[in-house]
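Pasted below: run37.pdb, PDB, C-alpha atoms.
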ATOM      1  CA  MET A 256       9.923 -71.240  25.386
ATOM      2  CA  MET A 257       8.601 -70.774  21.846
ATOM      3  CA  ARG A 258       5.299 -69.454  23.242
ATOM      4  CA  TYR A 259       7.249 -66.955  25.343
ATOM      5  CA  PHE A 260       9.114 -65.546  22.328
ATOM      6  CA  VAL A 261       5.917 -65.412  20.276
ATOM      7  CA  GLY A 262       4.219 -63.509  23.082
ATOM      8  CA  VAL A 263       7.085 -61.066  23.376
ATOM      9  CA  PHE A 264       7.051 -60.551  19.596
ATOM     10  CA  VAL A 265       3.311 -59.845  19.599
ATOM     11  CA  VAL A 266       3.638 -57.311  22.427
ATOM     12  CA  PHE A 267       6.630 -55.669  20.705
ATOM     13  CA  SER A 268       4.744 -55.463  17.391
ATOM     14  CA  ALA A 269       1.734 -53.912  19.098
ATOM     15  CA  ALA A 270       3.993 -51.327  20.768
ATOM     16  CA  LEU A 271       5.541 -50.460  17.403
ATOM     17  CA  ALA A 272       2.106 -50.088  15.832
ATOM     18  CA  LEU A 273       0.976 -47.841  18.678
ATOM     19  CA  SER A 274       4.114 -45.700  18.357
ATOM     20  CA  ALA A 275       3.587 -45.388  14.617
ATOM     21  CA  MET A 276      -0.020 -44.328  15.204
ATOM     22  CA  ILE A 277       1.067 -41.678  17.707
ATOM     23  CA  MET A 278       3.703 -40.353  15.302
ATOM     24  CA  TRP A 279       1.180 -40.281  12.458
ATOM     25  CA  ASN A 280      -1.281 -38.320  14.558
ATOM     26  CA  ALA A 281       1.513 -35.929  15.547
ATOM     27  CA  LYS A 282       2.221 -35.281  11.877
ATOM     28  CA  ILE A 283      -1.411 -34.516  11.241
ATOM     29  CA  ALA A 284      -1.558 -32.041  14.119
ATOM     30  CA  LEU A 285       0.859 -29.518  12.622
ATOM     31  CA  PRO A 286       2.033 -26.596  14.762
ATOM     32  CA  ASP A 287       0.232 -23.299  14.233
ATOM     33  CA  TYR A 288       3.158 -21.679  12.439
ATOM     34  CA  LEU A 289       2.835 -24.266   9.665
ATOM     35  CA  GLU A 290      -0.900 -23.663   9.267
ATOM     36  CA  PRO A 291      -1.408 -19.876   9.207
ATOM     37  CA  GLU A 292      -4.951 -18.660   8.630
ATOM     38  CA  THR A 293      -5.443 -17.298   5.140
ATOM     39  CA  VAL A 294      -7.945 -15.304   3.084
ATOM     40  CA  PHE A 295      -8.766 -16.305  -0.482
ATOM     41  CA  ILE A 296      -8.229 -13.547  -3.050
ATOM     42  CA  GLN A 297     -10.042 -14.129  -6.314
ATOM     43  CA  SER A 298      -8.870 -13.190  -9.774
ATOM     44  CA  GLY A 299     -10.462 -10.208 -11.449
ATOM     45  CA  ALA A 300     -10.119  -6.632 -12.683
ATOM     46  CA  PHE A 301      -8.522  -3.865 -10.644
ATOM     47  CA  GLU A 302      -6.915  -0.469 -11.144
ATOM     48  CA  TYR A 303      -3.261   0.103 -10.431
ATOM     49  CA  ARG A 304      -0.750   2.937 -10.609
ATOM     50  CA  PHE A 305       2.908   1.906 -10.918
ATOM     51  CA  VAL A 306       5.113   3.024  -8.054
ATOM     52  CA  GLY A 307       8.300   5.046  -8.057
ATOM     53  CA  GLU A 308       9.267   8.337  -9.659
ATOM     54  CA  PHE A 309       7.974   9.265 -13.087
ATOM     55  CA  ARG A 310       8.533  12.280 -15.296
ATOM     56  CA  ILE A 311       7.306  14.107 -18.339
ATOM     57  CA  ASP A 312      10.526  15.633 -19.606
ATOM     58  CA  ASN A 313      12.112  16.936 -16.366
ATOM     59  CA  ARG A 314       8.841  17.420 -14.502
ATOM     60  CA  MET A 315       7.886  14.868 -11.845
ATOM     61  CA  VAL A 316       4.347  13.488 -12.319
ATOM     62  CA  ASP A 317       2.120  10.663 -11.145
ATOM     63  CA  ALA A 318       2.236   7.420 -13.090
ATOM     64  CA  PRO A 319      -1.041   6.895 -14.973
ATOM     65  CA  THR A 320      -3.717   4.683 -13.460
ATOM     66  CA  GLU A 321      -4.098   1.577 -15.587
ATOM     67  CA  HIS A 322      -6.775  -1.106 -15.762
ATOM     68  CA  HIS A 323      -5.413  -4.564 -15.026
ATOM     69  CA  PHE A 324      -6.867  -8.059 -14.945
ATOM     70  CA  ALA A 325      -5.365 -10.623 -12.589
ATOM     71  CA  ASP A 326      -5.932 -14.064 -14.107
ATOM     72  CA  TYR A 327      -4.964 -16.045 -10.993
ATOM     73  CA  ASP A 328      -6.214 -16.581  -7.449
ATOM     74  CA  PHE A 329      -4.054 -16.709  -4.336
ATOM     75  CA  GLU A 330      -4.338 -16.875  -0.555
ATOM     76  CA  VAL A 331      -2.897 -14.293   1.801
ATOM     77  CA  MET A 332      -2.140 -14.604   5.510
ATOM     78  CA  LYS A 333      -4.980 -13.153   7.549
ATOM     79  CA  TYR A 334      -2.471 -11.669  10.023
ATOM     80  CA  HIS A 335       1.163 -10.599   9.980
ATOM     81  CA  VAL A 336       3.813 -13.227  10.683
ATOM     82  CA  THR A 337       4.122 -13.336  14.473
ATOM     83  CA  GLN A 338       7.152 -13.374  16.724
ATOM     84  CA  ALA A 339       6.440 -17.014  17.634
ATOM     85  CA  GLU A 340       6.277 -18.027  13.979
ATOM     86  CA  TYR A 341       9.498 -16.232  13.101
ATOM     87  CA  SER A 342      11.226 -17.628  16.208
ATOM     88  CA  ALA A 343      10.553 -21.172  14.965
ATOM     89  CA  CYS A 344      12.550 -20.359  11.824
ATOM     90  CA  VAL A 345      15.374 -18.892  13.918
ATOM     91  CA  ALA A 346      15.380 -21.990  16.172
ATOM     92  CA  ASP A 347      15.743 -24.095  13.029
ATOM     93  CA  HIS A 348      18.904 -22.085  12.181
ATOM     94  CA  PHE A 349      17.378 -20.942   8.908
ATOM     95  CA  CYS A 350      16.391 -17.348   9.729
ATOM     96  CA  LEU A 351      18.616 -14.714  11.295
ATOM     97  CA  ALA A 352      17.657 -13.557  14.765
ATOM     98  CA  THR A 353      16.333 -10.046  15.211
ATOM     99  CA  THR A 354      14.914  -7.954  18.024
ATOM    100  CA  GLY A 355      11.629  -8.843  19.682
ATOM    101  CA  GLY A 356      10.334 -11.718  21.728
ATOM    102  CA  SER A 357       8.531 -14.938  20.836
ATOM    103  CA  SER A 358       4.930 -13.936  21.451
ATOM    104  CA  PRO A 359       2.182 -15.581  19.371
ATOM    105  CA  LYS A 360       0.104 -12.420  19.853
ATOM    106  CA  LEU A 361       2.555  -9.831  18.497
ATOM    107  CA  ALA A 362       3.743  -9.357  14.941
ATOM    108  CA  GLN A 363       7.422  -9.821  14.135
ATOM    109  CA  VAL A 364       8.912  -6.458  13.196
ATOM    110  CA  ASN A 365      12.446  -5.170  12.644
ATOM    111  CA  VAL A 366      12.834  -7.547   9.720
ATOM    112  CA  SER A 367      14.448  -6.691   6.408
ATOM    113  CA  TYR A 368      13.262  -7.717   2.971
ATOM    114  CA  LEU A 369      16.012 -10.345   3.008
ATOM    115  CA  ASP A 370      14.803 -11.691   6.387
ATOM    116  CA  ALA A 371      11.251 -11.983   5.052
ATOM    117  CA  GLN A 372      12.481 -13.831   1.959
ATOM    118  CA  LYS A 373      14.340 -16.330   4.144
ATOM    119  CA  TYR A 374      11.230 -16.993   6.234
ATOM    120  CA  ALA A 375       9.146 -17.555   3.080
ATOM    121  CA  ALA A 376      11.705 -20.084   1.818
ATOM    122  CA  TRP A 377      11.727 -21.875   5.188
ATOM    123  CA  LEU A 378       7.925 -22.062   5.434
ATOM    124  CA  SER A 379       7.743 -23.373   1.873
ATOM    125  CA  LEU A 380      10.208 -26.141   2.736
ATOM    126  CA  GLN A 381       8.330 -27.071   5.901
ATOM    127  CA  THR A 382       4.894 -27.227   4.295
ATOM    128  CA  LYS A 383       5.786 -28.359   0.735
ATOM    129  CA  GLN A 384       3.755 -25.385  -0.475
ATOM    130  CA  VAL A 385       4.715 -22.163  -2.260
ATOM    131  CA  TRP A 386       4.798 -19.241   0.172
ATOM    132  CA  ARG A 387       6.246 -15.903  -0.932
ATOM    133  CA  LEU A 388       6.096 -12.164  -0.398
ATOM    134  CA  PRO A 389       3.366 -10.374  -2.365
ATOM    135  CA  SER A 390       4.024  -7.908  -5.146
ATOM    136  CA  ASP A 391       2.799  -4.352  -4.692
ATOM    137  CA  GLN A 392      -0.028  -5.131  -7.124
ATOM    138  CA  GLU A 393      -1.095  -8.133  -5.050
ATOM    139  CA  TRP A 394      -0.944  -6.030  -1.883
ATOM    140  CA  VAL A 395      -3.295  -3.483  -3.477
ATOM    141  CA  ARG A 396      -5.676  -6.321  -4.314
ATOM    142  CA  PHE A 397      -5.875  -7.719  -0.788
ATOM    143  CA  ALA A 398      -5.751  -4.308   0.945
ATOM    144  CA  GLY A 399      -9.311  -3.843  -0.318
ATOM    145  CA  ASP A 400     -11.136  -0.845   1.078
ATOM    146  CA  ARG A 401      -8.131   0.131   3.224
ATOM    147  CA  PHE A 402      -5.880   0.982   0.321
ATOM    148  CA  HIS A 403      -5.166   4.706   0.083
ATOM    149  CA  GLU A 404      -2.822   6.247  -2.427
ATOM    150  CA  THR A 405      -0.711   9.376  -2.142
ATOM    151  CA  ILE A 406      -0.584  11.298  -5.417
ATOM    152  CA  LEU A 407       0.977  14.562  -6.501
ATOM    153  CA  GLY A 408      -2.146  15.713  -8.336
ATOM    154  CA  ASP A 409      -2.182  19.171  -9.876
ATOM    155  CA  ILE A 410       0.991  20.241  -8.103
ATOM    156  CA  SER A 411       2.942  18.009 -10.490
ATOM    157  CA  ASN A 412       2.774  20.946 -12.919
ATOM    158  CA  ASN A 413       4.731  23.128 -10.498
ATOM    159  CA  PRO A 414       8.299  23.565 -11.784
ATOM    160  CA  ASP A 415       9.659  23.783  -8.219
ATOM    161  CA  PRO A 416      10.497  20.180  -7.122
ATOM    162  CA  SER A 417      10.633  21.164  -3.453
ATOM    163  CA  GLN A 418       6.907  21.954  -3.534
ATOM    164  CA  ARG A 419       6.138  18.460  -4.772
ATOM    165  CA  TRP A 420       8.294  16.834  -2.115
ATOM    166  CA  ILE A 421       6.708  18.944   0.618
ATOM    167  CA  LYS A 422       3.208  18.048  -0.589
ATOM    168  CA  ARG A 423       3.988  14.339  -0.666
ATOM    169  CA  TYR A 424       5.575  14.453   2.781
ATOM    170  CA  LYS A 425       2.607  16.362   4.224
ATOM    171  CA  GLU A 426       0.053  13.974   2.736
ATOM    172  CA  GLN A 427       1.906  10.943   4.066
ATOM    173  CA  ALA A 428       2.164  12.536   7.506
ATOM    174  CA  ASP A 429      -1.584  13.282   7.445
ATOM    175  CA  GLN A 430      -2.365   9.675   6.496
ATOM    176  CA  ARG A 431      -0.412   8.454   9.515
ATOM    177  CA  GLY A 432      -2.246  10.743  11.934
ATOM    178  CA  ASN A 433      -1.109  10.330  15.541
ATOM    179  CA  SER A 434       0.728   7.120  14.781
ATOM    180  CA  ASN A 435       2.115   5.143  17.708
ATOM    181  CA  PRO A 436       4.882   2.624  16.889
ATOM    182  CA  LYS A 437       4.146   0.495  19.965
ATOM    183  CA  LEU A 438       2.976  -2.967  18.915
ATOM    184  CA  ARG A 439      -0.579  -4.050  19.618
ATOM    185  CA  ALA A 440      -1.941  -7.601  19.580
ATOM    186  CA  ILE A 441      -2.555  -9.039  16.131
ATOM    187  CA  GLY A 442      -6.063  -8.230  14.969
ATOM    188  CA  ALA A 443      -6.228  -5.001  16.996
ATOM    189  CA  TYR A 444      -6.669  -2.841  13.897
ATOM    190  CA  GLY A 445      -9.584  -4.880  12.608
ATOM    191  CA  ALA A 446     -10.363  -6.452   9.246
ATOM    192  CA  ASN A 447     -10.881  -4.891   5.849
ATOM    193  CA  ASP A 448     -13.793  -5.731   3.551
ATOM    194  CA  LEU A 449     -12.021  -8.945   2.441
ATOM    195  CA  GLY A 450     -11.297 -10.219   5.951
ATOM    196  CA  VAL A 451      -7.573  -9.364   6.027
ATOM    197  CA  PHE A 452      -6.538  -7.915   9.398
ATOM    198  CA  ASP A 453      -4.329  -5.010  10.412
ATOM    199  CA  ILE A 454      -3.957  -3.351   7.035
ATOM    200  CA  ASN A 455      -2.921   0.271   7.644
ATOM    201  CA  GLY A 456      -1.995  -0.265  11.268
ATOM    202  CA  ASN A 457       1.485   0.728  12.435
ATOM    203  CA  ILE A 458       3.265  -2.055  10.527
ATOM    204  CA  TRP A 459       4.428  -1.564   6.950
ATOM    205  CA  GLU A 460       4.633  -4.758   4.895
ATOM    206  CA  TRP A 461       7.420  -5.747   2.537
ATOM    207  CA  THR A 462       6.566  -6.405  -1.105
ATOM    208  CA  THR A 463       8.749  -7.720  -3.920
ATOM    209  CA  THR A 464       8.180  -4.642  -6.100
ATOM    210  CA  CYS A 465      11.295  -2.688  -7.037
ATOM    211  CA  PHE A 466      11.556   1.082  -7.081
ATOM    212  CA  LYS A 467      10.844   2.327 -10.597
ATOM    213  CA  ASN A 468      12.127   5.361 -12.434
ATOM    214  CA  GLY A 469      10.216   6.045 -15.624
ATOM    215  CA  LYS A 470       8.813   8.341 -18.274
ATOM    216  CA  VAL A 471       5.187   9.181 -19.005
ATOM    217  CA  SER A 472       3.705  10.299 -22.336
ATOM    218  CA  LYS A 473       3.092  14.002 -22.911
ATOM    219  CA  ASP A 474      -0.646  13.593 -22.247
ATOM    220  CA  GLY A 475       0.070  11.826 -18.940
ATOM    221  CA  LYS A 476      -1.961   8.761 -19.915
ATOM    222  CA  THR A 477       0.699   6.191 -20.789
ATOM    223  CA  LEU A 478       3.808   4.859 -19.102
ATOM    224  CA  ILE A 479       6.269   4.683 -21.985
ATOM    225  CA  GLU A 480       9.390   3.326 -20.256
ATOM    226  CA  PHE A 481      10.862   2.563 -16.842
ATOM    227  CA  LYS A 482      13.817   0.948 -15.113
ATOM    228  CA  ASP A 483      13.764  -1.128 -11.944
ATOM    229  CA  TYR A 484      16.121  -0.451  -9.043
ATOM    230  CA  CYS A 485      15.818  -3.613  -6.980
ATOM    231  CA  GLY A 486      18.116  -2.713  -4.123
ATOM    232  CA  VAL A 487      15.079  -0.722  -2.941
ATOM    233  CA  ARG A 488      11.679  -2.367  -2.396
ATOM    234  CA  ALA A 489       8.194  -1.010  -1.792
ATOM    235  CA  ALA A 490       6.794  -1.423   1.727
ATOM    236  CA  GLN A 491       3.040  -0.942   1.998
ATOM    237  CA  GLY A 492       1.017   0.514   4.833
ATOM    238  CA  LYS A 493      -0.783   3.793   5.436
ATOM    239  CA  HIS A 494       1.306   5.013   2.518
ATOM    240  CA  ARG A 495       4.017   3.486   0.353
ATOM    241  CA  ALA A 496       7.602   3.722   1.501
ATOM    242  CA  PHE A 497      10.670   2.599  -0.413
ATOM    243  CA  ILE A 498      13.243   0.868   1.757
ATOM    244  CA  ILE A 499      16.731  -0.512   1.088
ATOM    245  CA  ASP A 500      16.314  -4.295   1.122
ATOM    246  CA  PHE A 501      18.705  -5.102   4.005
ATOM    247  CA  VAL A 502      17.290  -2.462   6.385
ATOM    248  CA  ARG A 503      15.331  -3.665   9.413
ATOM    249  CA  ASP A 504      14.413  -0.314  10.956
ATOM    250  CA  ALA A 505      13.965   2.494   8.441
ATOM    251  CA  LYS A 506      13.611   5.102  11.177
ATOM    252  CA  GLY A 507      17.342   4.863  11.697
ATOM    253  CA  GLY A 508      18.083   5.332   7.991
ATOM    254  CA  GLY A 509      17.510   3.390   4.805
ATOM    255  CA  CYS A 510      14.179   4.895   3.755
ATOM    256  CA  ALA A 511      14.933   5.813   0.143
ATOM    257  CA  VAL A 512      11.725   7.736  -0.581
ATOM    258  CA  GLY A 513       8.918   8.977   1.666
ATOM    259  CA  VAL A 514       8.264   9.158   5.397
ATOM    260  CA  PRO A 515       9.905   6.210   7.259
ATOM    261  CA  PRO A 516       7.552   3.441   8.480
ATOM    262  CA  ASP A 517       6.830   2.967  12.171
ATOM    263  CA  ASN A 518       7.669  -0.749  11.917
ATOM    264  CA  LEU A 519       8.701  -3.153   9.180
ATOM    265  CA  GLY A 520       6.940  -6.530   9.157
ATOM    266  CA  PHE A 521       5.433  -8.859   6.595
ATOM    267  CA  ARG A 522       2.767 -11.341   5.635
ATOM    268  CA  LEU A 523       3.007 -13.955   2.898
ATOM    269  CA  VAL A 524       0.832 -15.165   0.076
ATOM    270  CA  ARG A 525       0.341 -18.823  -0.820
ATOM    271  CA  GLU A 526      -0.014 -19.870  -4.413
ATOM    272  CA  VAL A 527      -3.060 -22.027  -5.168
TER     273      VAL A 527
END

Take the structure in this file and express it as structure tokens.
Amino acid sequence: MMRYFVGVFVVFSAALALSAMIMWNAKIALPDYLEPETVFIQSGAFEYRFVGEFRIDNRMVDAPTEHHFADYDFEVMKYHVTQAEYSACVADHFCLATTGGSSPKLAQVNVSYLDAQKYAAWLSLQTKQVWRLPSDQEWVRFAGDRFHETILGDISNNPDPSQRWIKRYKEQADQRGNSNPKLRAIGAYGANDLGVFDINGNIWEWTTTCFKNGKVSKDGKTLIEFKDYCGVRAAQGKHRAFIIDFVRDAKGGGCAVGVPPDNLGFRLVREV
């Protein structure tokens, strides 16, 4: 009888060990949404122009271009967050559901700044890593050779504000070209010089940068003061747009400044 119980115990122990091994292997093989592909962005010097509305006296002007040095590296998602990735957060009752399917080949759009922040918090909890939305400065860094800026230029001297607004609107419309809001498979718009895909496609990406209202020195070379209005955030794409943070589709309203984006999506950066 004793031999019988010993034999049963040995078999039971072996089964437990095998189950533990299977579970361990399952933990190693994380689902794709917990291991997004990333591109390493190195520290270094870059030029940047603060975003928002800036004035010399009562005349609207461009913010001055300033030389900056980023003293930290980070990683950025190679592609936008997909419908399948976002759906996993919704299934976990952490993110709020939005329109769209659950395709691993299509980017998740119709998301607000607040939605994107929730997803970043969820992914950070799942992976024990720090994932977050990029700032506008970080977006400029990883946009690489696909970053294009709309500026007022010489027309900023024109005392008629309507002429400046018309010029900005026209330039943004020209940058969009014959834009089609229909989603294409991730990667369809190709990679920039850093290996980041789909920059300047038909998806604008949320950043953490607040809309700024500031003053520039008389010579136009120095930003002397500004205030942040953080109910409105910069969304980056073929041109900058400023969107109210709870808006999911700016075409239906909520675009504070500029031509509304075709789609609102996002990608995250990971701190290293």

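Minimum atom-to-atom distance to Ile498 in chain A, evaluated using all atoms listed in the file, belongs to A:Cys465 out of A:Leu478, A:Cys465, A:Val316, A:Val471.
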
### Query
Distance CA of Ser379 in chain A-CA of Leu289 in chain A, one decimal place?
9.3 Å

### Message
Here is a test: counting only C-alpha atoms, which residue of A:Ala505, A:Ile311, A:Ala490, A:Ile454 is nearest to Ala371 in chain A?
### Response
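Closest residue, counting only C-alpha atoms: A:Ala490.
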
### Task
I would like the residues chosen by the PyMOL selection byres ((chain A and resi 401) around 8) on the shown file; could you give them as number ranges by chain?
A: 398-400, 402-403, 447, 454-455

### Query
For this file, the PyMOL selection byres ((chain A and resi 327-331) around 7) selects which residues, as number ranges by chain?
A: 293-298, 325-326, 332-333, 523-527

### Task
Let me know the residues the PyMOL selection byres ((chain A and resi 493-495) around 9) catches in the file above, as a PyMOL selection string.
chain A and resi 306+401-405+427+430-431+454-459+489-492+496-497+512-514+516

### Task
Using only C-alpha atoms, find the one residue out of A:Ile441, A:Val385, A:Ala375, A:Ile406 that sits nearest to Pro359 in chain A.
A:Ile441

### Query
Which one is closest to Gly356 in chain A: A:Leu438, A:Leu378, A:Ile499, A:Met315? Count only C-alpha atoms.
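Ranking A:Leu438, A:Leu378, A:Ile499, A:Met315 by distance to Gly356 in chain A, first place goes to A:Leu438.
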
### Message
Residues within 12 Å of Pro286 in chain A, please, as a VMD selection string. Count all atoms listed in the file; anything in the same chain fewer than 6 positions from it doesn't count.
### Response
chain A and resid 339 to 340 343 359 378 381 to 382

Quick one: what's the axis-aligned box for range 388-393 of chain A, all listed atoms, 3 Å on every side, centre and edges in Å to one decimal, as AutoDock Vina command-line options?
--center_x 2.5 --center_y -8.3 --center_z -3.8 --size_x 13.2 --size_y 13.8 --size_z 12.7

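For the pair CA of Ala318 in chain A and CA of Tyr484 in chain A, the interatomic distance is 16.5 Å.
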
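The interatomic distance for the pair CA of Phe521 in chain A and CA of Gly509 in chain A works out to 17.3 Å.
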
#### Entry: Spatial neighbours of Ala352 in chain A, 10 Å, all atoms listed in the file, chain gap at least 4 places, as a list in words
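Those residues are Tyr341, Ser342, Cys344, Val345, Ala346, His348, Val366 and Asp370 of chain A.
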
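Residue nearest His323 in chain A within the list A:Phe309, A:Tyr303, A:Trp386, A:Phe481: A:Tyr303 [criterion: smallest interatomic distance, all atoms listed in the file].
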
#### Entry: Among the residues A:Glu290, A:Asp312, A:Asp517, A:Asp474, the one that comes closest to Lys383 in chain A [using only C-alpha atoms]
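The closest residue to Lys383 in chain A is A:Glu290.
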
Please fill the gaps in range 440-449 of chain A so it has all heavy atoms, and write that as a PDB file, in the frame of the given file.
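As a result, selection_18.pdb now contains:
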ATOM      1  N   ALA A 440      -1.671  -6.194  19.900  1.00  0.00           N
ATOM      2  CA  ALA A 440      -1.941  -7.601  19.580  1.00  0.00           C
ATOM      3  C   ALA A 440      -2.450  -7.724  18.156  1.00  0.00           C
ATOM      4  O   ALA A 440      -3.148  -6.843  17.639  1.00  0.00           O
ATOM      5  CB  ALA A 440      -2.966  -8.170  20.558  1.00  0.00           C
ATOM      6  N   ILE A 441      -2.086  -8.830  17.495  1.00  0.00           N
ATOM      7  CA  ILE A 441      -2.555  -9.039  16.131  1.00  0.00           C
ATOM      8  C   ILE A 441      -4.088  -9.005  16.110  1.00  0.00           C
ATOM      9  O   ILE A 441      -4.756  -9.503  17.009  1.00  0.00           O
ATOM     10  CB  ILE A 441      -2.034 -10.369  15.548  1.00  0.00           C
ATOM     11  CG1 ILE A 441      -2.443 -11.560  16.421  1.00  0.00           C
ATOM     12  CG2 ILE A 441      -0.527 -10.329  15.369  1.00  0.00           C
ATOM     13  CD1 ILE A 441      -2.132 -12.899  15.782  1.00  0.00           C
ATOM     14  N   GLY A 442      -4.620  -8.377  15.090  1.00  0.00           N
ATOM     15  CA  GLY A 442      -6.063  -8.230  14.969  1.00  0.00           C
ATOM     16  C   GLY A 442      -6.607  -6.948  15.559  1.00  0.00           C
ATOM     17  O   GLY A 442      -7.786  -6.628  15.377  1.00  0.00           O
ATOM     18  N   ALA A 443      -5.754  -6.187  16.276  1.00  0.00           N
ATOM     19  CA  ALA A 443      -6.228  -5.001  16.996  1.00  0.00           C
ATOM     20  C   ALA A 443      -6.744  -3.914  16.067  1.00  0.00           C
ATOM     21  O   ALA A 443      -7.583  -3.104  16.463  1.00  0.00           O
ATOM     22  CB  ALA A 443      -5.115  -4.452  17.892  1.00  0.00           C
ATOM     23  N   TYR A 444      -6.244  -3.883  14.833  1.00  0.00           N
ATOM     24  CA  TYR A 444      -6.669  -2.841  13.897  1.00  0.00           C
ATOM     25  C   TYR A 444      -7.856  -3.265  13.037  1.00  0.00           C
ATOM     26  O   TYR A 444      -8.281  -2.521  12.157  1.00  0.00           O
ATOM     27  CB  TYR A 444      -5.495  -2.428  13.001  1.00  0.00           C
ATOM     28  CG  TYR A 444      -4.427  -1.656  13.742  1.00  0.00           C
ATOM     29  CD1 TYR A 444      -3.309  -2.298  14.260  1.00  0.00           C
ATOM     30  CD2 TYR A 444      -4.537  -0.285  13.947  1.00  0.00           C
ATOM     31  CE1 TYR A 444      -2.328  -1.599  14.947  1.00  0.00           C
ATOM     32  CE2 TYR A 444      -3.561   0.427  14.627  1.00  0.00           C
ATOM     33  CZ  TYR A 444      -2.460  -0.233  15.122  1.00  0.00           C
ATOM     34  OH  TYR A 444      -1.488   0.466  15.809  1.00  0.00           O
ATOM     35  N   GLY A 445      -8.377  -4.447  13.301  1.00  0.00           N
ATOM     36  CA  GLY A 445      -9.584  -4.880  12.608  1.00  0.00           C
ATOM     37  C   GLY A 445      -9.337  -5.399  11.202  1.00  0.00           C
ATOM     38  O   GLY A 445      -8.213  -5.402  10.703  1.00  0.00           O
ATOM     39  N   ALA A 446     -10.433  -5.843  10.575  1.00  0.00           N
ATOM     40  CA  ALA A 446     -10.363  -6.452   9.246  1.00  0.00           C
ATOM     41  C   ALA A 446     -10.868  -5.496   8.185  1.00  0.00           C
ATOM     42  O   ALA A 446     -11.713  -4.636   8.449  1.00  0.00           O
ATOM     43  CB  ALA A 446     -11.195  -7.738   9.222  1.00  0.00           C
ATOM     44  N   ASN A 447     -10.344  -5.657   6.973  1.00  0.00           N
ATOM     45  CA  ASN A 447     -10.881  -4.891   5.849  1.00  0.00           C
ATOM     46  C   ASN A 447     -12.094  -5.614   5.262  1.00  0.00           C
ATOM     47  O   ASN A 447     -12.583  -6.602   5.836  1.00  0.00           O
ATOM     48  CB  ASN A 447      -9.792  -4.638   4.794  1.00  0.00           C
ATOM     49  CG  ASN A 447      -9.325  -5.922   4.107  1.00  0.00           C
ATOM     50  OD1 ASN A 447      -9.837  -7.021   4.344  1.00  0.00           O
ATOM     51  ND2 ASN A 447      -8.338  -5.798   3.250  1.00  0.00           N
ATOM     52  N   ASP A 448     -12.582  -5.152   4.135  1.00  0.00           N
ATOM     53  CA  ASP A 448     -13.793  -5.731   3.551  1.00  0.00           C
ATOM     54  C   ASP A 448     -13.578  -7.149   3.030  1.00  0.00           C
ATOM     55  O   ASP A 448     -14.552  -7.866   2.764  1.00  0.00           O
ATOM     56  CB  ASP A 448     -14.321  -4.837   2.423  1.00  0.00           C
ATOM     57  CG  ASP A 448     -13.304  -4.646   1.303  1.00  0.00           C
ATOM     58  OD1 ASP A 448     -12.097  -4.631   1.585  1.00  0.00           O
ATOM     59  OD2 ASP A 448     -13.725  -4.493   0.139  1.00  0.00           O
ATOM     60  N   LEU A 449     -12.309  -7.599   2.920  1.00  0.00           N
ATOM     61  CA  LEU A 449     -12.021  -8.945   2.441  1.00  0.00           C
ATOM     62  C   LEU A 449     -11.723  -9.913   3.584  1.00  0.00           C
ATOM     63  O   LEU A 449     -11.583 -11.107   3.357  1.00  0.00           O
ATOM     64  CB  LEU A 449     -10.829  -8.908   1.479  1.00  0.00           C
ATOM     65  CG  LEU A 449     -11.003  -8.039   0.231  1.00  0.00           C
ATOM     66  CD1 LEU A 449      -9.699  -7.994  -0.572  1.00  0.00           C
ATOM     67  CD2 LEU A 449     -12.137  -8.560  -0.643  1.00  0.00           C
TER      68      LEU A 449
END
